[in-house]
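So this one's work_34.pdb, PDB, N, CA and C atoms, pLDDT in the B column:
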ATOM      1  N   MET H   1      58.956  29.163  -5.765  1.00 53.00           N
ATOM      2  CA  MET H   1      58.524  29.048  -7.140  1.00 53.00           C
ATOM      3  C   MET H   1      57.447  30.103  -7.390  1.00 53.00           C
ATOM      4  N   THR H   2      57.648  30.896  -8.436  1.00 58.00           N
ATOM      5  CA  THR H   2      56.689  31.952  -8.739  1.00 58.00           C
ATOM      6  C   THR H   2      55.489  31.354  -9.449  1.00 58.00           C
ATOM      7  N   TYR H   3      54.407  32.115  -9.440  1.00 59.00           N
ATOM      8  CA  TYR H   3      53.182  31.660 -10.087  1.00 59.00           C
ATOM      9  C   TYR H   3      53.429  31.422 -11.575  1.00 59.00           C
ATOM     10  N   GLN H   4      54.176  32.310 -12.217  1.00 63.00           N
ATOM     11  CA  GLN H   4      54.480  32.175 -13.652  1.00 63.00           C
ATOM     12  C   GLN H   4      55.249  30.880 -13.897  1.00 63.00           C
ATOM     13  N   HIS H   5      56.249  30.635 -13.083  1.00 65.00           N
ATOM     14  CA  HIS H   5      57.070  29.433 -13.224  1.00 65.00           C
ATOM     15  C   HIS H   5      56.191  28.193 -13.006  1.00 65.00           C
ATOM     16  N   PHE H   6      55.340  28.242 -11.984  1.00 63.00           N
ATOM     17  CA  PHE H   6      54.446  27.128 -11.702  1.00 63.00           C
ATOM     18  C   PHE H   6      53.470  26.902 -12.843  1.00 63.00           C
ATOM     19  N   SER H   7      52.978  27.968 -13.399  1.00 71.00           N
ATOM     20  CA  SER H   7      52.042  27.872 -14.516  1.00 71.00           C
ATOM     21  C   SER H   7      52.708  27.217 -15.713  1.00 71.00           C
ATOM     22  N   ASN H   8      53.961  27.613 -16.001  1.00 75.00           N
ATOM     23  CA  ASN H   8      54.725  27.001 -17.087  1.00 75.00           C
ATOM     24  C   ASN H   8      54.913  25.512 -16.840  1.00 75.00           C
ATOM     25  N   TYR H   9      55.317  25.207 -15.607  1.00 76.00           N
ATOM     26  CA  TYR H   9      55.565  23.821 -15.213  1.00 76.00           C
ATOM     27  C   TYR H   9      54.270  23.025 -15.335  1.00 76.00           C
ATOM     28  N   SER H  10      53.192  23.599 -14.853  1.00 89.00           N
ATOM     29  CA  SER H  10      51.893  22.932 -14.887  1.00 89.00           C
ATOM     30  C   SER H  10      51.438  22.694 -16.325  1.00 89.00           C
ATOM     31  N   GLN H  11      51.663  23.652 -17.192  1.00 87.00           N
ATOM     32  CA  GLN H  11      51.257  23.508 -18.596  1.00 87.00           C
ATOM     33  C   GLN H  11      52.074  22.414 -19.286  1.00 87.00           C
ATOM     34  N   ARG H  12      53.380  22.381 -19.006  1.00 90.00           N
ATOM     35  CA  ARG H  12      54.226  21.334 -19.586  1.00 90.00           C
ATOM     36  C   ARG H  12      53.767  19.960 -19.108  1.00 90.00           C
ATOM     37  N   MET H  13      53.476  19.875 -17.819  1.00 92.00           N
ATOM     38  CA  MET H  13      53.018  18.617 -17.238  1.00 92.00           C
ATOM     39  C   MET H  13      51.687  18.201 -17.885  1.00 92.00           C
ATOM     40  N   GLU H  14      50.808  19.160 -18.069  1.00 92.00           N
ATOM     41  CA  GLU H  14      49.516  18.896 -18.713  1.00 92.00           C
ATOM     42  C   GLU H  14      49.718  18.408 -20.143  1.00 92.00           C
ATOM     43  N   ASN H  15      50.639  19.037 -20.870  1.00 93.00           N
ATOM     44  CA  ASN H  15      50.933  18.613 -22.246  1.00 93.00           C
ATOM     45  C   ASN H  15      51.480  17.185 -22.279  1.00 93.00           C
ATOM     46  N   GLU H  16      52.375  16.874 -21.353  1.00 95.00           N
ATOM     47  CA  GLU H  16      52.935  15.523 -21.293  1.00 95.00           C
ATOM     48  C   GLU H  16      51.853  14.494 -20.970  1.00 95.00           C
ATOM     49  N   LEU H  17      50.991  14.856 -20.028  1.00 95.00           N
ATOM     50  CA  LEU H  17      49.895  13.943 -19.679  1.00 95.00           C
ATOM     51  C   LEU H  17      48.947  13.734 -20.868  1.00 95.00           C
ATOM     52  N   ASN H  18      48.664  14.782 -21.599  1.00 95.00           N
ATOM     53  CA  ASN H  18      47.810  14.657 -22.783  1.00 95.00           C
ATOM     54  C   ASN H  18      48.461  13.774 -23.842  1.00 95.00           C
ATOM     55  N   ALA H  19      49.772  13.954 -24.020  1.00 97.00           N
ATOM     56  CA  ALA H  19      50.495  13.125 -24.989  1.00 97.00           C
ATOM     57  C   ALA H  19      50.467  11.660 -24.560  1.00 97.00           C
ATOM     58  N   LEU H  20      50.684  11.417 -23.281  1.00 98.00           N
ATOM     59  CA  LEU H  20      50.639  10.052 -22.769  1.00 98.00           C
ATOM     60  C   LEU H  20      49.250   9.449 -22.922  1.00 98.00           C
ATOM     61  N   GLU H  21      48.245  10.266 -22.666  1.00 98.00           N
ATOM     62  CA  GLU H  21      46.864   9.807 -22.811  1.00 98.00           C
ATOM     63  C   GLU H  21      46.587   9.404 -24.271  1.00 98.00           C
ATOM     64  N   GLY H  22      47.070  10.197 -25.194  1.00 98.00           N
ATOM     65  CA  GLY H  22      46.900   9.875 -26.617  1.00 98.00           C
ATOM     66  C   GLY H  22      47.622   8.600 -27.002  1.00 98.00           C
ATOM     67  N   LYS H  23      48.841   8.438 -26.499  1.00 98.00           N
ATOM     68  CA  LYS H  23      49.601   7.216 -26.789  1.00 98.00           C
ATOM     69  C   LYS H  23      48.918   5.994 -26.183  1.00 98.00           C
ATOM     70  N   LEU H  24      48.384   6.156 -24.993  1.00 98.00           N
ATOM     71  CA  LEU H  24      47.674   5.055 -24.345  1.00 98.00           C
ATOM     72  C   LEU H  24      46.429   4.681 -25.141  1.00 98.00           C
ATOM     73  N   ALA H  25      45.711   5.659 -25.636  1.00 98.00           N
ATOM     74  CA  ALA H  25      44.525   5.390 -26.457  1.00 98.00           C
ATOM     75  C   ALA H  25      44.920   4.637 -27.728  1.00 98.00           C
ATOM     76  N   GLN H  26      46.042   5.025 -28.339  1.00 98.00           N
ATOM     77  CA  GLN H  26      46.523   4.325 -29.531  1.00 98.00           C
ATOM     78  C   GLN H  26      46.897   2.890 -29.198  1.00 98.00           C
ATOM     79  N   LEU H  27      47.540   2.699 -28.063  1.00 98.00           N
ATOM     80  CA  LEU H  27      47.941   1.365 -27.637  1.00 98.00           C
ATOM     81  C   LEU H  27      46.720   0.479 -27.388  1.00 98.00           C
ATOM     82  N   ILE H  28      45.719   1.021 -26.753  1.00 98.00           N
ATOM     83  CA  ILE H  28      44.487   0.273 -26.489  1.00 98.00           C
ATOM     84  C   ILE H  28      43.814  -0.096 -27.812  1.00 98.00           C
ATOM     85  N   GLN H  29      43.779   0.831 -28.748  1.00 98.00           N
ATOM     86  CA  GLN H  29      43.176   0.563 -30.052  1.00 98.00           C
ATOM     87  C   GLN H  29      43.958  -0.521 -30.796  1.00 98.00           C
ATOM     88  N   ALA H  30      45.277  -0.422 -30.793  1.00 98.00           N
ATOM     89  CA  ALA H  30      46.112  -1.422 -31.471  1.00 98.00           C
ATOM     90  C   ALA H  30      45.939  -2.781 -30.815  1.00 98.00           C
ATOM     91  N   SER H  31      45.858  -2.798 -29.508  1.00 98.00           N
ATOM     92  CA  SER H  31      45.666  -4.060 -28.781  1.00 98.00           C
ATOM     93  C   SER H  31      44.339  -4.704 -29.166  1.00 98.00           C
ATOM     94  N   GLY H  32      43.299  -3.905 -29.279  1.00 98.00           N
ATOM     95  CA  GLY H  32      41.993  -4.427 -29.692  1.00 98.00           C
ATOM     96  C   GLY H  32      42.027  -5.002 -31.095  1.00 98.00           C
ATOM     97  N   LYS H  33      42.691  -4.292 -32.007  1.00 98.00           N
ATOM     98  CA  LYS H  33      42.814  -4.781 -33.380  1.00 98.00           C
ATOM     99  C   LYS H  33      43.576  -6.093 -33.416  1.00 98.00           C
ATOM    100  N   LEU H  34      44.682  -6.155 -32.678  1.00 98.00           N
ATOM    101  CA  LEU H  34      45.487  -7.379 -32.651  1.00 98.00           C
ATOM    102  C   LEU H  34      44.722  -8.539 -32.030  1.00 98.00           C
ATOM    103  N   ARG H  35      43.940  -8.260 -31.014  1.00 98.00           N
ATOM    104  CA  ARG H  35      43.132  -9.305 -30.378  1.00 98.00           C
ATOM    105  C   ARG H  35      42.112  -9.864 -31.374  1.00 98.00           C
ATOM    106  N   ALA H  36      41.457  -8.969 -32.116  1.00 98.00           N
ATOM    107  CA  ALA H  36      40.478  -9.404 -33.110  1.00 98.00           C
ATOM    108  C   ALA H  36      41.161 -10.190 -34.240  1.00 98.00           C
ATOM    109  N   GLU H  37      42.312  -9.695 -34.675  1.00 98.00           N
ATOM    110  CA  GLU H  37      43.053 -10.386 -35.737  1.00 98.00           C
ATOM    111  C   GLU H  37      43.507 -11.765 -35.260  1.00 98.00           C
ATOM    112  N   ASN H  38      43.962 -11.842 -34.029  1.00 98.00           N
ATOM    113  CA  ASN H  38      44.394 -13.114 -33.461  1.00 98.00           C
ATOM    114  C   ASN H  38      43.234 -14.108 -33.418  1.00 98.00           C
ATOM    115  N   HIS H  39      42.068 -13.634 -33.015  1.00 98.00           N
ATOM    116  CA  HIS H  39      40.871 -14.484 -32.979  1.00 98.00           C
ATOM    117  C   HIS H  39      40.546 -14.998 -34.382  1.00 98.00           C
ATOM    118  N   GLN H  40      40.583 -14.110 -35.362  1.00 98.00           N
ATOM    119  CA  GLN H  40      40.308 -14.483 -36.751  1.00 98.00           C
ATOM    120  C   GLN H  40      41.323 -15.509 -37.243  1.00 98.00           C
ATOM    121  N   LEU H  41      42.587 -15.286 -36.948  1.00 98.00           N
ATOM    122  CA  LEU H  41      43.635 -16.213 -37.386  1.00 98.00           C
ATOM    123  C   LEU H  41      43.479 -17.584 -36.724  1.00 98.00           C
ATOM    124  N   ARG H  42      43.068 -17.604 -35.466  1.00 98.00           N
ATOM    125  CA  ARG H  42      42.835 -18.892 -34.794  1.00 98.00           C
ATOM    126  C   ARG H  42      41.686 -19.645 -35.458  1.00 98.00           C
ATOM    127  N   GLN H  43      40.643 -18.927 -35.840  1.00 98.00           N
ATOM    128  CA  GLN H  43      39.528 -19.576 -36.539  1.00 98.00           C
ATOM    129  C   GLN H  43      39.972 -20.116 -37.897  1.00 98.00           C
ATOM    130  N   GLU H  44      40.747 -19.328 -38.624  1.00 98.00           N
ATOM    131  CA  GLU H  44      41.241 -19.766 -39.926  1.00 98.00           C
ATOM    132  C   GLU H  44      42.153 -20.983 -39.783  1.00 98.00           C
ATOM    133  N   LEU H  45      42.985 -20.979 -38.751  1.00 98.00           N
ATOM    134  CA  LEU H  45      43.874 -22.114 -38.506  1.00 98.00           C
ATOM    135  C   LEU H  45      43.061 -23.369 -38.201  1.00 98.00           C
ATOM    136  N   ALA H  46      42.053 -23.253 -37.363  1.00 98.00           N
ATOM    137  CA  ALA H  46      41.212 -24.402 -37.032  1.00 98.00           C
ATOM    138  C   ALA H  46      40.540 -24.941 -38.294  1.00 98.00           C
ATOM    139  N   HIS H  47      40.057 -24.051 -39.146  1.00 98.00           N
ATOM    140  CA  HIS H  47      39.421 -24.472 -40.391  1.00 98.00           C
ATOM    141  C   HIS H  47      40.435 -25.167 -41.300  1.00 98.00           C
ATOM    142  N   ALA H  48      41.626 -24.605 -41.412  1.00 98.00           N
ATOM    143  CA  ALA H  48      42.665 -25.191 -42.260  1.00 98.00           C
ATOM    144  C   ALA H  48      43.079 -26.564 -41.741  1.00 98.00           C
ATOM    145  N   LEU H  49      43.206 -26.710 -40.430  1.00 98.00           N
ATOM    146  CA  LEU H  49      43.561 -28.012 -39.857  1.00 98.00           C
ATOM    147  C   LEU H  49      42.476 -29.039 -40.114  1.00 98.00           C
ATOM    148  N   SER H  50      41.231 -28.613 -40.002  1.00 98.00           N
ATOM    149  CA  SER H  50      40.114 -29.511 -40.274  1.00 98.00           C
ATOM    150  C   SER H  50      40.108 -29.943 -41.739  1.00 98.00           C
ATOM    151  N   SER H  51      40.308 -28.989 -42.635  1.00 98.00           N
ATOM    152  CA  SER H  51      40.365 -29.307 -44.064  1.00 98.00           C
ATOM    153  C   SER H  51      41.539 -30.238 -44.359  1.00 98.00           C
ATOM    154  N   ASN H  52      42.651 -29.991 -43.715  1.00 98.00           N
ATOM    155  CA  ASN H  52      43.832 -30.834 -43.903  1.00 98.00           C
ATOM    156  C   ASN H  52      43.541 -32.269 -43.454  1.00 98.00           C
ATOM    157  N   ARG H  53      42.855 -32.434 -42.315  1.00 98.00           N
ATOM    158  CA  ARG H  53      42.498 -33.780 -41.839  1.00 98.00           C
ATOM    159  C   ARG H  53      41.571 -34.465 -42.832  1.00 98.00           C
ATOM    160  N   GLN H  54      40.605 -33.726 -43.361  1.00 98.00           N
ATOM    161  CA  GLN H  54      39.681 -34.312 -44.338  1.00 98.00           C
ATOM    162  C   GLN H  54      40.428 -34.757 -45.589  1.00 98.00           C
ATOM    163  N   CYS H  55      41.344 -33.937 -46.061  1.00 98.00           N
ATOM    164  CA  CYS H  55      42.140 -34.304 -47.243  1.00 98.00           C
ATOM    165  C   CYS H  55      42.993 -35.535 -46.957  1.00 98.00           C
ATOM    166  N   SER H  56      43.610 -35.574 -45.802  1.00 98.00           N
ATOM    167  CA  SER H  56      44.429 -36.733 -45.434  1.00 98.00           C
ATOM    168  C   SER H  56      43.584 -37.997 -45.367  1.00 98.00           C
ATOM    169  N   ASP H  57      42.384 -37.883 -44.820  1.00 98.00           N
ATOM    170  CA  ASP H  57      41.480 -39.032 -44.758  1.00 98.00           C
ATOM    171  C   ASP H  57      41.113 -39.511 -46.157  1.00 98.00           C
ATOM    172  N   LYS H  58      40.839 -38.571 -47.061  1.00 98.00           N
ATOM    173  CA  LYS H  58      40.497 -38.937 -48.440  1.00 98.00           C
ATOM    174  C   LYS H  58      41.677 -39.619 -49.131  1.00 98.00           C
ATOM    175  N   VAL H  59      42.879 -39.116 -48.905  1.00 98.00           N
ATOM    176  CA  VAL H  59      44.073 -39.712 -49.506  1.00 98.00           C
ATOM    177  C   VAL H  59      44.262 -41.137 -48.976  1.00 98.00           C
ATOM    178  N   GLU H  60      44.099 -41.315 -47.680  1.00 98.00           N
ATOM    179  CA  GLU H  60      44.246 -42.653 -47.092  1.00 98.00           C
ATOM    180  C   GLU H  60      43.184 -43.607 -47.639  1.00 98.00           C
ATOM    181  N   SER H  61      41.974 -43.118 -47.793  1.00 98.00           N
ATOM    182  CA  SER H  61      40.895 -43.942 -48.341  1.00 98.00           C
ATOM    183  C   SER H  61      41.208 -44.347 -49.784  1.00 98.00           C
ATOM    184  N   ALA H  62      41.655 -43.382 -50.566  1.00 98.00           N
ATOM    185  CA  ALA H  62      42.012 -43.666 -51.961  1.00 98.00           C
ATOM    186  C   ALA H  62      43.176 -44.646 -52.020  1.00 98.00           C
ATOM    187  N   LYS H  63      44.129 -44.494 -51.146  1.00 98.00           N
ATOM    188  CA  LYS H  63      45.282 -45.396 -51.099  1.00 98.00           C
ATOM    189  C   LYS H  63      44.833 -46.821 -50.789  1.00 98.00           C
ATOM    190  N   ALA H  64      43.964 -46.974 -49.838  1.00 97.00           N
ATOM    191  CA  ALA H  64      43.451 -48.302 -49.469  1.00 97.00           C
ATOM    192  C   ALA H  64      42.694 -48.928 -50.632  1.00 97.00           C
ATOM    193  N   ARG H  65      41.875 -48.133 -51.307  1.00 97.00           N
ATOM    194  CA  ARG H  65      41.123 -48.664 -52.459  1.00 97.00           C
ATOM    195  C   ARG H  65      42.061 -49.084 -53.580  1.00 97.00           C
ATOM    196  N   LEU H  66      43.097 -48.299 -53.839  1.00 96.00           N
ATOM    197  CA  LEU H  66      44.064 -48.650 -54.883  1.00 96.00           C
ATOM    198  C   LEU H  66      44.828 -49.920 -54.522  1.00 96.00           C
ATOM    199  N   GLU H  67      45.174 -50.060 -53.265  1.00 95.00           N
ATOM    200  CA  GLU H  67      45.876 -51.268 -52.842  1.00 95.00           C
ATOM    201  C   GLU H  67      45.000 -52.503 -53.042  1.00 95.00           C
ATOM    202  N   LYS H  68      43.699 -52.376 -52.743  1.00 95.00           N
ATOM    203  CA  LYS H  68      42.774 -53.495 -52.965  1.00 95.00           C
ATOM    204  C   LYS H  68      42.694 -53.832 -54.447  1.00 95.00           C
ATOM    205  N   LEU H  69      42.619 -52.788 -55.291  1.00 93.00           N
ATOM    206  CA  LEU H  69      42.554 -53.011 -56.733  1.00 93.00           C
ATOM    207  C   LEU H  69      43.821 -53.689 -57.246  1.00 93.00           C
ATOM    208  N   LEU H  70      44.942 -53.278 -56.744  1.00 91.00           N
ATOM    209  CA  LEU H  70      46.209 -53.878 -57.171  1.00 91.00           C
ATOM    210  C   LEU H  70      46.273 -55.359 -56.820  1.00 91.00           C
ATOM    211  N   ILE H  71      45.700 -55.724 -55.687  1.00 91.00           N
ATOM    212  CA  ILE H  71      45.697 -57.124 -55.275  1.00 91.00           C
ATOM    213  C   ILE H  71      44.844 -57.965 -56.223  1.00 91.00           C
ATOM    214  N   THR H  72      43.740 -57.394 -56.695  1.00 91.00           N
ATOM    215  CA  THR H  72      42.829 -58.161 -57.554  1.00 91.00           C
ATOM    216  C   THR H  72      43.294 -58.243 -59.003  1.00 91.00           C
ATOM    217  N   LEU H  73      44.207 -57.397 -59.408  1.00 86.00           N
ATOM    218  CA  LEU H  73      44.696 -57.452 -60.784  1.00 86.00           C
ATOM    219  C   LEU H  73      45.567 -58.687 -60.988  1.00 86.00           C
ATOM    220  N   PRO H  74      45.373 -59.347 -62.115  1.00 84.00           N
ATOM    221  CA  PRO H  74      46.241 -60.495 -62.377  1.00 84.00           C
ATOM    222  C   PRO H  74      47.660 -60.025 -62.676  1.00 84.00           C
ATOM    223  N   GLU H  75      48.606 -60.835 -62.290  1.00 81.00           N
ATOM    224  CA  GLU H  75      49.993 -60.474 -62.552  1.00 81.00           C
ATOM    225  C   GLU H  75      50.293 -60.683 -64.016  1.00 81.00           C
ATOM    226  N   LYS H  76      51.134 -59.850 -64.523  1.00 76.00           N
ATOM    227  CA  LYS H  76      51.536 -59.910 -65.927  1.00 76.00           C
ATOM    228  C   LYS H  76      52.458 -61.093 -66.137  1.00 76.00           C
ATOM    229  N   GLN H  77      52.145 -61.915 -67.138  1.00 70.00           N
ATOM    230  CA  GLN H  77      53.013 -63.066 -67.451  1.00 70.00           C
ATOM    231  C   GLN H  77      53.762 -62.817 -68.728  1.00 70.00           C
ATOM    232  N   SER H  78      55.047 -63.108 -68.721  1.00 62.00           N
ATOM    233  CA  SER H  78      55.831 -62.851 -69.914  1.00 62.00           C
ATOM    234  C   SER H  78      56.082 -64.119 -70.689  1.00 62.00           C
TER     235      SER H  78
END
Take the structure from the file and write it as structure tokens.
Amino acid sequence: MTYQHFSNYSQRMENELNALEGKLAQLIQASGKLRAENHQLRQELAHALSSNRQCSDKVESAKARLEKLLITLPEKQS
């Protein structure tokens, strides 16, 4: 292998390595963004589930109160 041929080969290899390095940097950046987004979504989900439980509790409480009121109402006589 001549020096010129080796130099060409070496330059191509260097270019490929640089391209791979750039792609790897992009992948690492995307992974970090996705990790942060995933964390945010998990927090939002936990908040939504908590709010949903509170709403369900309020509905059940209102239902129980209405049932008590219905029991105390006199029946309609025709």
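Relative to atom C of Ser56 (chain H), atom C of Leu69 (chain H) is found at 19.7 Å.
Pairwise distance (CA of Ala46 (chain H), CA of Gln29 (chain H)) equals 26.0 Å.
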One decimal, in Å: what's the spacing between atom C of Lys58 (chain H) and CA of Ile71 (chain H)?
19.0 Å
